[in-house]
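Worksheet: the structure to be examined is printed underneath.
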Amino acid sequence: MIKKKVQKKKVQRKAKARAEEKKQIKFIGQVTKIRQTEPATVIEWPRTINHVHTYGMLSPFFEALRKGKMMATRCPNEKCLENRLWVPPRAHCPDCHTEMVWESLPNPVIGTIYTFTQVVYAGIGIELSTPYWQVDVAIPGLATIPKSYLLYGEPYIGMKVKAEFRTKNPTNTVLDYYWVPYAG
Ligand SMILES: [Zn+2]
């Protein structure tokens, strides 16, 4: 009788050990490739990340771009020295730290090329084909000269351009607006 009890306990212990073994930690990563072993080991280790980012109080700007509109912020403080509009928007006034208010720019948004540069070798993370013209466009009523890109054509200083919006398949980034030559 005692022997049987001991046997049963043994079986139980073995089953428990097997169950524990099944719960063991597993390597779930991607196996690296060895590039070189001499004089030192060099491995190739591909990495991807899923970057989660909030636009916070600036969300209305990106929402408007998706809808084909440009929104800007203005400081509502009458005593502030800077009462012009800001694009890209600011949640708080850089001069007096008052919370900004939102305003839509009149459509179409027409601006003038203030300066430009050709991007031939873009940095990692720039999701535009190269070469492209990066243009700084002066927009009437703005305190800022926002940077974007010219969709087509050759820029020159003083060139009139019109904002267009990527409302179809928006990127939900600042790339959802760009400039095209404007003849009007
Ligand atoms: Zn202010």
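Just so we're on the same page: first chain in the structure tokens is A, next is B, and so on; residues restart at 1 for each chain, and ligands are numbered from 1 in the order they show up.
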
List every residue of chain A that DSSP, applied to the backbone of this structure, assigns to helix (DSSP H, G or I), and report them as a PyMOL selection string. chain A and resi 2-22+56-66+174-176

Contacts with ligand 1 at most 9 Å, only C-alpha atoms and all ligand atoms counted, listed as a PDB file with all heavy atoms, in the first residue's frame:
ATOM      1  N   ARG A  74      -3.215  80.445 -34.033  1.00  0.00           N
ATOM      2  CA  ARG A  74      -2.940  81.849 -33.758  1.00  0.00           C
ATOM      3  C   ARG A  74      -2.976  82.071 -32.245  1.00  0.00           C
ATOM      4  O   ARG A  74      -3.782  81.458 -31.543  1.00  0.00           O
ATOM      5  CB  ARG A  74      -4.019  82.726 -34.429  1.00  0.00           C
ATOM      6  CG  ARG A  74      -3.701  84.214 -34.385  1.00  0.00           C
ATOM      7  CD  ARG A  74      -4.905  85.065 -34.770  1.00  0.00           C
ATOM      8  NE  ARG A  74      -5.420  84.892 -36.127  1.00  0.00           N
ATOM      9  CZ  ARG A  74      -4.889  85.472 -37.216  1.00  0.00           C
ATOM     10  NH1 ARG A  74      -3.816  86.227 -37.121  1.00  0.00           N
ATOM     11  NH2 ARG A  74      -5.463  85.302 -38.394  1.00  0.00           N
ATOM     12  N   CYS A  75      -2.131  82.959 -31.760  1.00  0.00           N
ATOM     13  CA  CYS A  75      -2.125  83.290 -30.338  1.00  0.00           C
ATOM     14  C   CYS A  75      -3.286  84.253 -30.051  1.00  0.00           C
ATOM     15  O   CYS A  75      -3.375  85.303 -30.676  1.00  0.00           O
ATOM     16  CB  CYS A  75      -0.787  83.918 -29.957  1.00  0.00           C
ATOM     17  SG  CYS A  75      -0.765  84.437 -28.231  1.00  0.00           S
ATOM     18  N   PRO A  76      -4.163  83.882 -29.126  1.00  0.00           N
ATOM     19  CA  PRO A  76      -5.314  84.741 -28.849  1.00  0.00           C
ATOM     20  C   PRO A  76      -5.007  85.871 -27.851  1.00  0.00           C
ATOM     21  O   PRO A  76      -5.883  86.708 -27.579  1.00  0.00           O
ATOM     22  CB  PRO A  76      -6.335  83.761 -28.268  1.00  0.00           C
ATOM     23  CG  PRO A  76      -5.496  82.740 -27.581  1.00  0.00           C
ATOM     24  CD  PRO A  76      -4.198  82.652 -28.321  1.00  0.00           C
ATOM     25  N   ASN A  77      -3.788  85.893 -27.329  1.00  0.00           N
ATOM     26  CA  ASN A  77      -3.419  86.906 -26.332  1.00  0.00           C
ATOM     27  C   ASN A  77      -3.192  88.259 -27.012  1.00  0.00           C
ATOM     28  O   ASN A  77      -2.254  88.419 -27.798  1.00  0.00           O
ATOM     29  CB  ASN A  77      -2.156  86.420 -25.602  1.00  0.00           C
ATOM     30  CG  ASN A  77      -1.625  87.436 -24.604  1.00  0.00           C
ATOM     31  OD1 ASN A  77      -2.241  88.476 -24.352  1.00  0.00           O
ATOM     32  ND2 ASN A  77      -0.469  87.129 -24.039  1.00  0.00           N
ATOM     33  N   GLU A  78      -4.056  89.205 -26.726  1.00  0.00           N
ATOM     34  CA  GLU A  78      -3.978  90.520 -27.387  1.00  0.00           C
ATOM     35  C   GLU A  78      -2.687  91.263 -27.068  1.00  0.00           C
ATOM     36  O   GLU A  78      -2.264  92.133 -27.827  1.00  0.00           O
ATOM     37  CB  GLU A  78      -5.195  91.370 -27.000  1.00  0.00           C
ATOM     38  CG  GLU A  78      -6.434  90.951 -27.774  1.00  0.00           C
ATOM     39  CD  GLU A  78      -7.708  91.556 -27.232  1.00  0.00           C
ATOM     40  OE1 GLU A  78      -7.636  92.565 -26.497  1.00  0.00           O
ATOM     41  OE2 GLU A  78      -8.788  90.999 -27.540  1.00  0.00           O
ATOM     42  N   LYS A  79      -2.103  90.930 -25.931  1.00  0.00           N
ATOM     43  CA  LYS A  79      -0.865  91.626 -25.535  1.00  0.00           C
ATOM     44  C   LYS A  79       0.382  90.992 -26.188  1.00  0.00           C
ATOM     45  O   LYS A  79       1.491  91.523 -26.059  1.00  0.00           O
ATOM     46  CB  LYS A  79      -0.717  91.592 -24.011  1.00  0.00           C
ATOM     47  CG  LYS A  79      -1.712  92.524 -23.331  1.00  0.00           C
ATOM     48  CD  LYS A  79      -1.511  92.514 -21.830  1.00  0.00           C
ATOM     49  CE  LYS A  79      -2.687  93.199 -21.147  1.00  0.00           C
ATOM     50  NZ  LYS A  79      -2.992  92.535 -19.875  1.00  0.00           N
ATOM     51  N   CYS A  80       0.181  89.849 -26.860  1.00  0.00           N
ATOM     52  CA  CYS A  80       1.325  89.148 -27.459  1.00  0.00           C
ATOM     53  C   CYS A  80       1.820  89.920 -28.688  1.00  0.00           C
ATOM     54  O   CYS A  80       1.036  90.477 -29.443  1.00  0.00           O
ATOM     55  CB  CYS A  80       0.918  87.737 -27.855  1.00  0.00           C
ATOM     56  SG  CYS A  80       2.297  86.780 -28.495  1.00  0.00           S
ATOM     57  N   LEU A  81       3.126  89.911 -28.870  1.00  0.00           N
ATOM     58  CA  LEU A  81       3.719  90.641 -30.001  1.00  0.00           C
ATOM     59  C   LEU A  81       3.560  89.891 -31.325  1.00  0.00           C
ATOM     60  O   LEU A  81       3.712  90.470 -32.383  1.00  0.00           O
ATOM     61  CB  LEU A  81       5.201  90.921 -29.729  1.00  0.00           C
ATOM     62  CG  LEU A  81       5.481  91.920 -28.602  1.00  0.00           C
ATOM     63  CD1 LEU A  81       6.974  92.029 -28.356  1.00  0.00           C
ATOM     64  CD2 LEU A  81       4.888  93.296 -28.914  1.00  0.00           C
ATOM     65  N   GLU A  82       3.257  88.584 -31.243  1.00  0.00           N
ATOM     66  CA  GLU A  82       3.128  87.785 -32.475  1.00  0.00           C
ATOM     67  C   GLU A  82       1.701  87.277 -32.616  1.00  0.00           C
ATOM     68  O   GLU A  82       1.330  86.308 -31.961  1.00  0.00           O
ATOM     69  CB  GLU A  82       4.122  86.618 -32.461  1.00  0.00           C
ATOM     70  CG  GLU A  82       4.151  85.846 -33.761  1.00  0.00           C
ATOM     71  CD  GLU A  82       4.340  86.725 -34.987  1.00  0.00           C
ATOM     72  OE1 GLU A  82       5.489  87.088 -35.272  1.00  0.00           O
ATOM     73  OE2 GLU A  82       3.346  87.078 -35.669  1.00  0.00           O
ATOM     74  N   ASN A  83       0.924  87.953 -33.430  1.00  0.00           N
ATOM     75  CA  ASN A  83      -0.475  87.546 -33.611  1.00  0.00           C
ATOM     76  C   ASN A  83      -0.745  86.940 -34.991  1.00  0.00           C
ATOM     77  O   ASN A  83      -1.897  86.719 -35.356  1.00  0.00           O
ATOM     78  CB  ASN A  83      -1.426  88.711 -33.338  1.00  0.00           C
ATOM     79  CG  ASN A  83      -1.455  89.055 -31.862  1.00  0.00           C
ATOM     80  OD1 ASN A  83      -1.036  90.134 -31.476  1.00  0.00           O
ATOM     81  ND2 ASN A  83      -1.883  88.130 -31.027  1.00  0.00           N
ATOM     82  N   HIS A  92       0.963  75.777 -28.167  1.00  0.00           N
ATOM     83  CA  HIS A  92       1.076  76.951 -27.289  1.00  0.00           C
ATOM     84  C   HIS A  92       1.939  77.983 -27.980  1.00  0.00           C
ATOM     85  O   HIS A  92       2.845  77.644 -28.741  1.00  0.00           O
ATOM     86  CB  HIS A  92       1.673  76.551 -25.935  1.00  0.00           C
ATOM     87  CG  HIS A  92       0.774  75.653 -25.162  1.00  0.00           C
ATOM     88  ND1 HIS A  92       0.811  74.282 -25.312  1.00  0.00           N
ATOM     89  CD2 HIS A  92      -0.211  75.936 -24.283  1.00  0.00           C
ATOM     90  CE1 HIS A  92      -0.131  73.756 -24.539  1.00  0.00           C
ATOM     91  NE2 HIS A  92      -0.761  74.720 -23.903  1.00  0.00           N
ATOM     92  N   CYS A  93       1.668  79.249 -27.715  1.00  0.00           N
ATOM     93  CA  CYS A  93       2.413  80.335 -28.343  1.00  0.00           C
ATOM     94  C   CYS A  93       3.892  80.268 -27.928  1.00  0.00           C
ATOM     95  O   CYS A  93       4.197  80.256 -26.741  1.00  0.00           O
ATOM     96  CB  CYS A  93       1.805  81.667 -27.939  1.00  0.00           C
ATOM     97  SG  CYS A  93       2.736  83.065 -28.591  1.00  0.00           S
ATOM     98  N   PRO A  94       4.807  80.219 -28.896  1.00  0.00           N
ATOM     99  CA  PRO A  94       6.230  80.174 -28.546  1.00  0.00           C
ATOM    100  C   PRO A  94       6.695  81.452 -27.842  1.00  0.00           C
ATOM    101  O   PRO A  94       7.716  81.442 -27.163  1.00  0.00           O
ATOM    102  CB  PRO A  94       6.930  80.028 -29.899  1.00  0.00           C
ATOM    103  CG  PRO A  94       5.872  79.524 -30.824  1.00  0.00           C
ATOM    104  CD  PRO A  94       4.585  80.117 -30.344  1.00  0.00           C
ATOM    105  N   ASP A  95       5.933  82.532 -27.985  1.00  0.00           N
ATOM    106  CA  ASP A  95       6.346  83.809 -27.384  1.00  0.00           C
ATOM    107  C   ASP A  95       5.779  84.023 -25.980  1.00  0.00           C
ATOM    108  O   ASP A  95       6.483  84.495 -25.102  1.00  0.00           O
ATOM    109  CB  ASP A  95       5.929  84.964 -28.308  1.00  0.00           C
ATOM    110  CG  ASP A  95       6.677  84.888 -29.636  1.00  0.00           C
ATOM    111  OD1 ASP A  95       7.920  84.927 -29.611  1.00  0.00           O
ATOM    112  OD2 ASP A  95       6.027  84.742 -30.688  1.00  0.00           O
ATOM    113  N   CYS A  96       4.471  83.698 -25.784  1.00  0.00           N
ATOM    114  CA  CYS A  96       3.874  83.983 -24.462  1.00  0.00           C
ATOM    115  C   CYS A  96       3.257  82.752 -23.801  1.00  0.00           C
ATOM    116  O   CYS A  96       2.691  82.851 -22.721  1.00  0.00           O
ATOM    117  CB  CYS A  96       2.852  85.106 -24.594  1.00  0.00           C
ATOM    118  SG  CYS A  96       1.329  84.587 -25.410  1.00  0.00           S
ATOM    119  N   HIS A  97       3.347  81.588 -24.467  1.00  0.00           N
ATOM    120  CA  HIS A  97       2.904  80.288 -23.913  1.00  0.00           C
ATOM    121  C   HIS A  97       1.390  80.168 -23.704  1.00  0.00           C
ATOM    122  O   HIS A  97       0.937  79.268 -23.013  1.00  0.00           O
ATOM    123  CB  HIS A  97       3.658  79.963 -22.611  1.00  0.00           C
ATOM    124  CG  HIS A  97       5.136  80.174 -22.736  1.00  0.00           C
ATOM    125  ND1 HIS A  97       5.900  79.445 -23.616  1.00  0.00           N
ATOM    126  CD2 HIS A  97       5.965  81.060 -22.134  1.00  0.00           C
ATOM    127  CE1 HIS A  97       7.151  79.866 -23.544  1.00  0.00           C
ATOM    128  NE2 HIS A  97       7.230  80.852 -22.663  1.00  0.00           N
ATOM    129  N   THR A  98       0.614  81.084 -24.281  1.00  0.00           N
ATOM    130  CA  THR A  98      -0.848  80.972 -24.221  1.00  0.00           C
ATOM    131  C   THR A  98      -1.282  79.843 -25.164  1.00  0.00           C
ATOM    132  O   THR A  98      -0.647  79.639 -26.198  1.00  0.00           O
ATOM    133  CB  THR A  98      -1.494  82.303 -24.690  1.00  0.00           C
ATOM    134  OG1 THR A  98      -1.003  83.344 -23.854  1.00  0.00           O
ATOM    135  CG2 THR A  98      -3.012  82.278 -24.630  1.00  0.00           C
ATOM    136  N   GLU A  99      -2.340  79.126 -24.794  1.00  0.00           N
ATOM    137  CA  GLU A  99      -2.838  78.072 -25.679  1.00  0.00           C
ATOM    138  C   GLU A  99      -3.374  78.713 -26.960  1.00  0.00           C
ATOM    139  O   GLU A  99      -4.136  79.687 -26.904  1.00  0.00           O
ATOM    140  CB  GLU A  99      -3.931  77.265 -24.975  1.00  0.00           C
ATOM    141  CG  GLU A  99      -4.261  75.987 -25.733  1.00  0.00           C
ATOM    142  CD  GLU A  99      -5.255  75.097 -25.011  1.00  0.00           C
ATOM    143  OE1 GLU A  99      -5.156  74.964 -23.766  1.00  0.00           O
ATOM    144  OE2 GLU A  99      -6.130  74.549 -25.697  1.00  0.00           O
ATOM    145  N   MET A 100      -2.961  78.164 -28.084  1.00  0.00           N
ATOM    146  CA  MET A 100      -3.322  78.738 -29.383  1.00  0.00           C
ATOM    147  C   MET A 100      -4.762  78.401 -29.768  1.00  0.00           C
ATOM    148  O   MET A 100      -5.331  77.436 -29.259  1.00  0.00           O
ATOM    149  CB  MET A 100      -2.374  78.189 -30.454  1.00  0.00           C
ATOM    150  CG  MET A 100      -0.912  78.508 -30.229  1.00  0.00           C
ATOM    151  SD  MET A 100      -0.544  80.225 -30.595  1.00  0.00           S
ATOM    152  CE  MET A 100       0.692  80.030 -31.878  1.00  0.00           C
TER     153      MET A 100
END

Using only C-alpha atoms, which residues of segment 65-131 of chain A come within 7 Å of segment 161-167 of chain A, and what is the closest atom pair for each, with the distance in Å to one decimal? Give it as CSV, sorted by chain and residue number.
residue,atom,partner,partner_atom,distance
A:Leu65,CA,A:Phe165,CA,6.3
A:Arg66,CA,A:Thr167,CA,4.9
A:Lys67,CA,A:Thr167,CA,5.9
A:Gly68,CA,A:Phe165,CA,5.1
A:Pro108,CA,A:Lys162,CA,6.8
A:Val109,CA,A:Ala163,CA,5.4
A:Ile110,CA,A:Lys162,CA,4.6
A:Gly111,CA,A:Val161,CA,5.4
A:Thr112,CA,A:Val161,CA,6.0

Which neighbours of segment 45-61 of chain A fall inside 6 Å, counting only C-alpha atoms, when residues of the same chain fewer than 5 positions from it are skipped, and could you give them as a PDB file with N, CA, C and O atoms, in the first residue's frame?
ATOM      1  N   THR A  32      20.079  35.600 -36.326  1.00  0.00           N
ATOM      2  CA  THR A  32      20.988  36.503 -37.038  1.00  0.00           C
ATOM      3  C   THR A  32      21.849  35.723 -38.031  1.00  0.00           C
ATOM      4  O   THR A  32      22.025  34.512 -37.909  1.00  0.00           O
ATOM      5  N   MET A  71      -4.961  74.049 -41.793  1.00  0.00           N
ATOM      6  CA  MET A  71      -5.312  74.723 -40.542  1.00  0.00           C
ATOM      7  C   MET A  71      -4.041  75.299 -39.922  1.00  0.00           C
ATOM      8  O   MET A  71      -2.964  74.718 -40.037  1.00  0.00           O
ATOM      9  N   ALA A  91       0.876  74.212 -30.393  1.00  0.00           N
ATOM     10  CA  ALA A  91      -0.188  74.044 -29.399  1.00  0.00           C
ATOM     11  C   ALA A  91      -0.235  75.261 -28.473  1.00  0.00           C
ATOM     12  O   ALA A  91      -1.294  75.705 -28.059  1.00  0.00           O
TER      13      ALA A  91
END

Among chain A, which residues does DSSP mark as strand (DSSP E) when it is run on the backbone? Keep the chain and numbering as in the structure and answer as a VMD selection string. chain A and resid 33 to 36 42 to 44 71 to 74 85 to 86 101 to 104 110 to 119 132 to 138 147 to 150 160 to 165 177 to 181

For Pro89 of chain A, the nearest of the candidates A:Pro146, A:Gly158, A:Pro181, A:Pro170, counting only C-alpha atoms: A:Pro146

So, with only C-alpha atoms as the atoms that count, which of A:Leu128, A:Thr73, A:Ile157, A:Arg84 lies closest to Thr115 of chain A?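 So, comparing all the options, the nearest one is A:Ile157.
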
Would you please work out which residue, of A:Ala64, A:Lys160, A:Tyr132, A:Val120, is nearest to Thr173 of chain A when using only C-alpha atoms?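 When distances to Thr173 of chain A are compared using only C-alpha atoms, the smallest one comes from A:Ala64.
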
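Between atom CA of Glu63 of chain A and atom CA of Phe116 of chain A the separation is 26.9 Å.
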
What's around Gln118 of chain A at 8 Å? Count only C-alpha atoms, leave out sequence neighbours fewer than 5 positions away in its own chain, and write the answer as a PyMOL selection string. chain A and resi 131-134

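Closest approach to Thr144 of chain A from the set A:Ile34, A:Val101, A:Ala72, A:Ile2 is made by A:Ala72, with distances taken over only C-alpha atoms.
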